[in-house]
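Next comes run.txt, a file with compact mmCIF, C-alpha atoms.
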```txt
# COMPACT_ATOMS: atom_id res chain seq x y z
CA MET K 224 -169.90 98.34 -236.65
CA ALA K 225 -166.83 100.13 -237.84
CA GLY K 226 -167.18 103.62 -239.24
CA PRO K 227 -166.69 104.77 -242.81
CA GLY K 228 -163.37 104.87 -244.62
CA LEU K 229 -160.36 102.74 -243.86
CA MET K 230 -162.01 100.57 -241.27
CA ALA K 231 -165.05 100.02 -243.48
CA ASP K 232 -162.73 98.61 -246.15
CA TYR K 233 -161.03 96.43 -243.55
CA VAL K 234 -164.36 95.08 -242.28
CA ALA K 235 -165.54 94.55 -245.88
CA ALA K 236 -162.46 92.38 -246.48
CA LEU K 237 -163.47 90.27 -243.48
CA GLU K 238 -167.12 90.18 -244.59
CA ALA K 239 -166.06 88.78 -247.96
CA GLN K 240 -164.75 85.68 -246.19
CA LEU K 241 -166.17 85.17 -242.72
CA PRO K 242 -169.74 84.53 -241.45
CA ALA K 243 -171.73 87.62 -240.39
CA PRO K 244 -171.78 86.90 -236.61
CA VAL K 245 -167.99 86.48 -236.58
CA VAL K 246 -167.50 89.76 -238.46
CA ARG K 247 -169.92 91.50 -236.08
CA GLU K 248 -167.80 90.44 -233.12
CA LEU K 249 -164.55 91.43 -234.82
CA ALA K 250 -165.95 94.82 -235.88
CA ALA K 251 -167.07 95.55 -232.31
CA GLY K 252 -163.56 94.73 -231.05
CA LEU K 253 -162.00 96.87 -233.77
CA ASP K 254 -164.25 99.81 -232.85
CA GLU K 255 -163.23 99.52 -229.21
CA THR K 256 -159.55 99.31 -230.12
CA ARG K 257 -159.90 102.47 -232.23
CA ASP K 258 -161.73 104.22 -229.36
CA ARG K 259 -158.87 103.36 -227.02
CA TYR K 260 -156.38 104.97 -229.38
CA VAL K 261 -158.60 108.04 -229.72
CA GLY K 262 -158.71 108.18 -225.91
CA GLU K 263 -154.90 108.12 -225.92
CA GLY K 264 -154.88 111.24 -228.07
CA LEU K 265 -154.65 110.02 -231.69
CA ASP K 266 -156.84 111.62 -234.34
CA ALA K 267 -159.57 109.50 -235.94
CA GLU K 268 -157.56 108.33 -238.96
CA ALA K 269 -154.40 107.56 -236.99
CA ALA K 270 -156.49 105.70 -234.39
CA ALA K 271 -158.14 103.64 -237.13
CA ARG K 272 -154.78 102.77 -238.66
CA ALA K 273 -153.34 101.84 -235.27
CA ALA K 274 -156.37 99.67 -234.47
CA MET K 275 -156.11 97.81 -237.79
CA ALA K 276 -152.35 97.32 -237.35
CA GLU K 277 -152.94 95.92 -233.87
CA PHE K 278 -155.70 93.59 -235.11
CA GLY K 279 -153.58 92.09 -237.91
CA ARG K 280 -154.14 91.72 -241.64
CA PRO K 281 -157.60 90.42 -242.66
CA ALA K 282 -155.91 87.45 -244.39
CA GLU K 283 -154.12 86.62 -241.14
CA ILE K 284 -157.39 86.67 -239.20
CA VAL K 285 -159.21 84.58 -241.83
CA ALA K 286 -156.36 82.05 -241.74
CA ALA K 287 -156.67 81.84 -237.94
CA PHE K 288 -160.41 81.18 -238.23
CA LEU K 289 -159.73 78.53 -240.87
CA GLN K 290 -157.41 76.74 -238.49
CA VAL K 291 -160.17 76.39 -235.87
CA SER K 292 -162.94 75.65 -238.39
CA PRO K 293 -164.77 72.40 -237.46
CA VAL K 294 -165.21 71.69 -241.18
CA ARG K 295 -161.47 71.89 -241.83
CA ARG K 296 -160.59 69.68 -238.87
CA ALA K 297 -163.25 67.13 -239.84
CA ALA K 298 -162.08 67.11 -243.48
CA ARG K 299 -158.47 66.49 -242.44
CA ARG K 300 -159.53 63.69 -240.11
CA LEU K 301 -161.57 62.08 -242.89
CA LEU K 302 -158.69 62.37 -245.36
CA VAL K 303 -156.40 60.55 -242.93
CA THR K 304 -158.87 57.83 -241.90
CA GLY K 305 -160.50 57.43 -245.32
CA PRO K 306 -157.91 55.03 -246.75
CA LEU K 307 -158.28 52.73 -243.70
CA VAL K 308 -162.06 52.47 -244.11
CA GLY K 309 -161.56 52.09 -247.87
CA LEU K 310 -159.12 49.22 -247.33
CA CYS K 311 -161.72 47.41 -245.21
CA TRP K 312 -164.21 47.60 -248.07
CA VAL K 313 -161.62 46.62 -250.69
CA ALA K 314 -160.90 43.53 -248.60
CA VAL K 315 -164.65 42.74 -248.57
CA LEU K 316 -164.90 43.25 -252.34
CA VAL K 317 -161.95 40.99 -253.03
CA SER K 318 -162.91 38.24 -250.59
CA ASP K 319 -166.60 38.09 -251.42
CA ARG K 320 -166.81 38.79 -255.17
CA SER K 321 -168.85 41.83 -254.22
CA TRP K 322 -169.06 43.14 -257.79
CA THR K 323 -172.21 41.08 -257.94
CA TRP K 324 -173.90 43.39 -255.39
CA PRO K 325 -177.07 45.04 -256.75
CA VAL K 326 -176.16 48.73 -256.43
CA PRO K 327 -172.87 48.65 -258.34
CA ALA K 328 -174.56 46.41 -260.92
CA LEU K 329 -177.30 48.98 -261.51
CA MET K 330 -175.05 52.06 -261.40
CA PRO K 331 -171.47 50.94 -261.93
CA ALA K 332 -170.02 54.45 -262.32
CA ALA K 333 -172.01 56.29 -259.65
CA PRO K 334 -170.05 55.19 -256.56
CA GLY K 335 -166.76 56.02 -258.25
CA VAL K 336 -167.96 59.48 -259.27
CA VAL K 337 -169.25 60.23 -255.76
CA LEU K 338 -166.01 58.92 -254.23
CA ALA K 339 -163.76 60.97 -256.54
CA SER K 340 -165.87 64.11 -255.99
CA THR K 341 -165.87 63.61 -252.25
CA ILE K 342 -162.08 63.21 -252.13
CA ALA K 343 -161.64 66.36 -254.23
CA LEU K 344 -163.95 68.29 -251.90
CA LEU K 345 -162.12 66.98 -248.84
CA ILE K 346 -158.82 68.21 -250.29
CA VAL K 347 -160.30 71.68 -250.91
CA ALA K 348 -161.73 71.75 -247.37
CA SER K 349 -158.44 70.60 -245.86
CA PHE K 350 -156.06 72.92 -247.66
CA GLY K 351 -158.14 75.76 -249.17
CA THR K 352 -157.45 79.33 -248.09
CA ARG K 353 -160.88 80.85 -248.80
CA TYR K 354 -163.12 80.46 -245.78
CA ARG K 355 -166.44 80.30 -247.62
CA ALA K 356 -165.13 77.86 -250.23
CA VAL K 357 -163.70 75.66 -247.47
CA ARG K 358 -167.01 75.72 -245.62
CA ARG K 359 -169.05 74.85 -248.73
CA ALA K 360 -166.63 72.16 -249.92
CA GLY K 361 -166.43 70.70 -246.42
CA ALA K 362 -170.21 70.55 -246.01
CA ALA K 363 -170.60 68.86 -249.41
CA ALA K 364 -167.76 66.42 -248.62
CA LEU K 365 -169.30 65.49 -245.26
CA ALA K 366 -172.62 64.79 -247.00
CA GLY K 367 -170.77 62.76 -249.65
CA VAL K 368 -168.96 60.67 -247.05
CA ALA K 369 -172.20 59.96 -245.17
CA LEU K 370 -173.92 59.02 -248.46
CA LEU K 371 -171.08 56.73 -249.52
CA ASP K 372 -170.94 54.98 -246.17
CA ALA K 373 -174.72 54.52 -246.03
CA SER K 374 -174.68 53.13 -249.58
CA LEU K 375 -171.91 50.68 -248.75
CA ILE K 376 -173.73 49.40 -245.67
CA VAL K 377 -177.04 49.04 -247.55
CA SER K 378 -175.28 47.29 -250.44
CA ALA K 379 -173.65 44.83 -248.05
CA LEU K 380 -177.02 44.06 -246.45
CA LEU K 381 -178.71 43.58 -249.86
CA ALA K 382 -175.92 41.28 -251.00
CA GLY K 383 -176.91 38.67 -248.42
CA PRO K 384 -174.61 36.53 -246.26
CA ALA K 385 -170.96 37.14 -247.01
CA THR K 386 -168.19 34.56 -247.07
CA ALA K 387 -166.06 36.64 -244.72
CA TRP K 388 -168.90 38.00 -242.59
CA TRP K 389 -166.50 39.32 -239.95
CA LEU K 390 -164.75 41.41 -242.59
CA VAL K 391 -168.07 42.92 -243.65
CA ALA K 392 -168.90 43.56 -239.99
CA VAL K 393 -165.61 45.41 -239.45
CA ALA K 394 -166.09 47.50 -242.60
CA ALA K 395 -169.74 48.24 -241.78
CA VAL K 396 -168.91 49.35 -238.23
CA ALA K 397 -166.11 51.59 -239.54
CA SER K 398 -168.46 53.07 -242.15
CA ALA K 399 -171.26 53.55 -239.62
CA ALA K 400 -168.89 55.36 -237.25
CA ARG K 401 -167.62 57.56 -240.06
CA ALA K 402 -171.12 58.31 -241.36
CA GLY K 403 -172.22 59.24 -237.83
CA PHE K 404 -169.21 61.52 -237.37
CA SER K 405 -169.87 63.18 -240.75
CA ALA K 406 -173.57 63.69 -240.05
CA ARG K 407 -172.93 65.12 -236.56
CA THR K 408 -170.27 67.51 -237.86
CA LEU K 409 -172.53 68.56 -240.72
CA GLY K 410 -175.32 69.29 -238.23
CA ARG K 411 -172.98 71.45 -236.11
CA VAL K 412 -171.74 73.32 -239.17
CA ARG K 413 -175.26 74.06 -240.36
CA ALA K 414 -176.34 75.20 -236.89
CA ALA K 415 -173.31 77.51 -236.47
CA MET A 369 -143.03 88.28 -226.37
CA ARG A 370 -143.49 86.80 -229.85
CA ALA A 371 -146.60 84.95 -231.04
CA GLU A 372 -144.58 81.76 -231.68
CA ALA A 373 -143.54 81.60 -228.03
CA LEU A 374 -147.15 81.97 -226.96
CA LYS A 375 -148.65 79.28 -229.16
CA GLY A 376 -148.52 76.56 -226.54
CA HIS A 377 -149.77 78.81 -223.77
CA LEU A 378 -152.45 80.95 -225.37
CA ASP A 379 -155.30 78.72 -224.22
CA ALA A 380 -154.17 78.93 -220.60
CA LEU A 381 -153.76 82.70 -220.85
CA LEU A 382 -157.26 83.12 -222.28
CA LEU A 383 -158.80 80.87 -219.65
CA ALA A 384 -156.97 82.83 -216.94
CA ALA A 385 -158.27 86.09 -218.39
CA LEU A 386 -161.82 84.78 -217.91
CA GLU A 387 -161.20 83.50 -214.39
CA GLY A 388 -162.42 86.73 -212.79
CA GLY A 389 -165.77 86.61 -214.56
CA PRO A 390 -167.36 86.89 -218.00
CA ARG A 391 -165.67 89.17 -220.53
CA HIS A 392 -166.17 90.04 -224.18
CA GLY A 393 -163.38 89.58 -226.73
CA TYR A 394 -161.93 93.07 -226.44
CA ALA A 395 -161.95 92.90 -222.63
CA VAL A 396 -160.08 89.58 -222.82
CA ILE A 397 -157.46 91.25 -225.03
CA GLU A 398 -157.19 94.17 -222.59
CA SER A 399 -156.82 91.76 -219.69
CA LEU A 400 -154.00 89.93 -221.49
CA ARG A 401 -152.29 93.25 -222.20
CA GLU A 402 -152.56 94.37 -218.56
CA ARG A 403 -151.40 91.02 -217.16
CA SER A 404 -148.36 91.01 -219.44
CA ALA A 405 -147.57 94.73 -219.02
CA GLY A 406 -147.99 95.09 -222.79
CA ARG A 407 -145.36 92.45 -223.62
CA LEU A 408 -147.66 90.05 -225.48
CA ASP A 409 -146.99 90.75 -229.15
CA LEU A 410 -149.60 89.00 -231.30
CA PRO A 411 -152.27 90.26 -233.72
CA THR A 412 -155.25 90.80 -231.45
CA GLY A 413 -157.63 89.82 -234.25
CA THR A 414 -156.37 86.26 -233.88
CA ILE A 415 -157.58 86.14 -230.25
CA TYR A 416 -161.17 85.78 -231.51
CA PRO A 417 -160.61 82.48 -233.35
CA ALA A 418 -158.75 81.21 -230.30
CA LEU A 419 -161.82 82.02 -228.19
CA ARG A 420 -164.00 80.15 -230.72
CA ARG A 421 -161.70 77.14 -230.45
CA LEU A 422 -162.05 77.10 -226.66
CA GLU A 423 -165.80 77.43 -227.07
CA GLN A 424 -165.91 74.46 -229.46
CA ARG A 425 -164.02 72.42 -226.88
CA GLY A 426 -166.57 73.33 -224.21
CA LEU A 427 -164.05 75.18 -222.04
CA ILE A 428 -165.83 78.52 -222.38
CA ALA A 429 -169.37 79.51 -223.37
CA GLY A 430 -170.23 82.56 -225.47
CA GLU A 431 -173.39 84.61 -225.49
CA TRP A 432 -174.41 87.78 -227.31
CA SER A 433 -175.36 90.86 -225.29
CA VAL A 434 -175.81 94.57 -225.96
CA VAL A 435 -173.66 96.97 -223.92
CA GLY A 436 -173.71 100.72 -224.57
CA GLY A 437 -175.58 100.16 -227.83
CA ARG A 438 -172.88 97.78 -229.10
CA GLN A 439 -173.42 94.08 -229.67
CA ARG A 440 -170.80 92.02 -227.89
CA ARG A 441 -170.18 88.33 -227.53
CA GLU A 442 -169.41 87.66 -223.91
CA TYR A 443 -167.49 84.58 -222.80
CA ARG A 444 -167.45 82.79 -219.46
CA LEU A 445 -165.55 79.80 -218.13
CA THR A 446 -167.47 76.52 -218.01
CA ALA A 447 -166.88 73.91 -215.31
CA ALA A 448 -164.65 72.05 -217.78
CA GLY A 449 -162.78 75.31 -218.42
CA VAL A 450 -162.17 75.83 -214.70
CA ARG A 451 -160.76 72.30 -214.44
CA ALA A 452 -158.63 72.81 -217.56
CA LEU A 453 -157.23 76.06 -216.16
CA GLU A 454 -156.33 74.39 -212.86
CA GLY A 455 -154.54 71.61 -214.76
CA LYS A 456 -152.67 74.01 -217.05
CA ARG A 457 -151.65 76.16 -214.10
CA ALA A 458 -150.32 73.18 -212.16
CA ASP A 459 -148.43 71.92 -215.24
CA TRP A 460 -146.91 75.35 -215.80
CA LEU A 461 -145.80 75.77 -212.18
CA GLU A 462 -144.15 72.36 -212.25
CA PHE A 463 -142.52 73.08 -215.62
CA THR A 464 -141.10 76.45 -214.52
CA ALA A 465 -139.88 74.96 -211.23
CA VAL A 466 -138.02 72.19 -213.09
CA ILE A 467 -136.46 74.57 -215.62
CA SER A 468 -135.57 77.16 -212.99
CA THR A 469 -133.91 74.51 -210.87
CA ALA A 470 -132.06 73.04 -213.85
CA LEU A 471 -130.85 76.43 -215.07
CA GLY A 472 -129.82 77.36 -211.54
CA GLY A 473 -127.71 74.20 -211.29
CA GLU A 474 -129.65 72.80 -208.37
CA PRO A 475 -130.95 69.18 -208.41
CA TRP A 476 -134.71 68.74 -208.72
CA PRO A 477 -135.95 67.76 -205.25
CA ALA A 478 -137.26 64.20 -205.06
CA ARG A 479 -140.92 63.87 -204.14
CA ALA A 480 -141.76 62.54 -200.70
```

Target format structure tokens, applied to this file:
Amino acid sequence: MAGPGLMADYVAALEAQLPAPVVRELAAGLDETRDRYVGEGLDAEAAARAAMAEFGRPAEIVAAFLQVSPVRRAARRLLVTGPLVGLCWVAVLVSDRSWTWPVPALMPAAPGVVLASTIALLIVASFGTRYRAVRRAGAAALAGVALLDASLIVSALLAGPATAWWLVAVAAVASAARAGFSARTLGRVRAA
Amino acid sequence: MRAEALKGHLDALLLAALEGGPRHGYAVIESLRERSAGRLDLPTGTIYPALRRLEQRGLIAGEWSVVGGRQRREYRLTAAGVRALEGKRADWLEFTAVISTALGGEPWPARA
């Protein structure tokens, strides 16, 4: 890890945002960069300053990691495709008088609350600038999307034969695909 | 050379830096510096996320090791990475040939 002083502060700024293994790798690279400058004749403090200048500002590095974050990319994809899947279900609701389905009848506000919370979390994960907040919001949003999609599919099954069965089939397939994508991404994020 | 000009080519440069064998992040940066005679001007800290992106796409694989008492994450090209590098190299050679010919005022030779 980086030594005391200036570089310790720099690494601490990275630690405040990025996961420990990522910071460990960055700190090792920073140490080697400083050692190269020392080898070129700079004193310890000048070498540390040169190494940090070469590496870039911590905010710049965090932003670069955010850009490649699987959570961020998944959240943006879900924000773009969400309205399409939603439209499929709205079409089902309208065509089949689906307000009579058992789940909404028992908990009329719950799906709306979960949906609104999930959208808010997706927005934070898509556009947030704090790595940890993006990661947490993204993980919660992915779980919310999977829960919503599973609930919609179960509700459609419990509701019995639909008038426009093909419309339900299209919506259910879209939801199943989205739930699978969300669950897989969530698994990768947790394993990382 | 500015970071903006490199954006579309960074992946190919990183894959090429790993062509000779596994390297850790700092060695990849050093390789880029040597290959460009120090003309690549981008914050080296941003190379690490680029390596992670290539790893997520399955083009390189990373593994932790300890060298000289320091923990390092070493990267190597995967088979998909080798294929991607070959494709990017071919695309680049064709691109530069077309532009060079166009800027030189010569017509682009028709393919046989």

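Contacts from chain K to chain A at a cut-off of 7 Å (only C-alpha atoms) map to K:Glu248, K:Ala251, K:Gly252, K:Glu277, K:Phe278, K:Gly279, K:Ile284, K:Ala287, K:Phe288, K:Val291.
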
Write a file of the just-selected residues containing C-alpha atoms, as a CSV table (one decimal), in the coordinates of the input.
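File produced: again-v2.csv:
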```csv
chain,number,residue,atom,x,y,z
K,248,GLU,CA,-167.8,90.4,-233.1
K,251,ALA,CA,-167.1,95.6,-232.3
K,252,GLY,CA,-163.6,94.7,-231.0
K,277,GLU,CA,-152.9,95.9,-233.9
K,278,PHE,CA,-155.7,93.6,-235.1
K,279,GLY,CA,-153.6,92.1,-237.9
K,284,ILE,CA,-157.4,86.7,-239.2
K,287,ALA,CA,-156.7,81.8,-237.9
K,288,PHE,CA,-160.4,81.2,-238.2
K,291,VAL,CA,-160.2,76.4,-235.9
```

- Task: Provide the atom CA of Leu380 of chain K to atom CA of Val303 of chain K distance in Å, to one decimal place.
- Result: 26.6 Å

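In this model, the gap between atom CA of Val347 of chain K and atom CA of Arg407 of chain K comes to 20.2 Å.
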
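Between atom CA of Gly410 of chain K and atom CA of Ala452 of chain A lies a distance of 26.8 Å.
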
- Message: Need to verify the contact set: Lys456 of chain A, 9 Å, all atoms listed in the file, exclusion of same-chain residues closer than 4 positions in sequence. Can you return it as a PyMOL selection string?
- Response: chain A and resi 377+379-380+451-452+460-461

- Do a neighbour search on segment 333-335 of chain K at 12 Å with all atoms listed in the file, toss out local chain neighbours closer than 5 positions, and write the hits as a VMD selection string. chain K and resid 326 to 328 340 to 342 367 to 368 370 to 375 378

- Write out as a ChimeraX atom specification the residues lying within 8 Å of Ser405 of chain K, counting all atoms listed in the file and excluding same-chain residues fewer than 5 positions away. /K:297,365-366,368-369

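Among the candidate residues K:Asp254, K:Ala364, K:Leu289, K:Ala314, the one lying nearest to Ile346 of chain K is K:Ala364, with distances computed using only C-alpha atoms.
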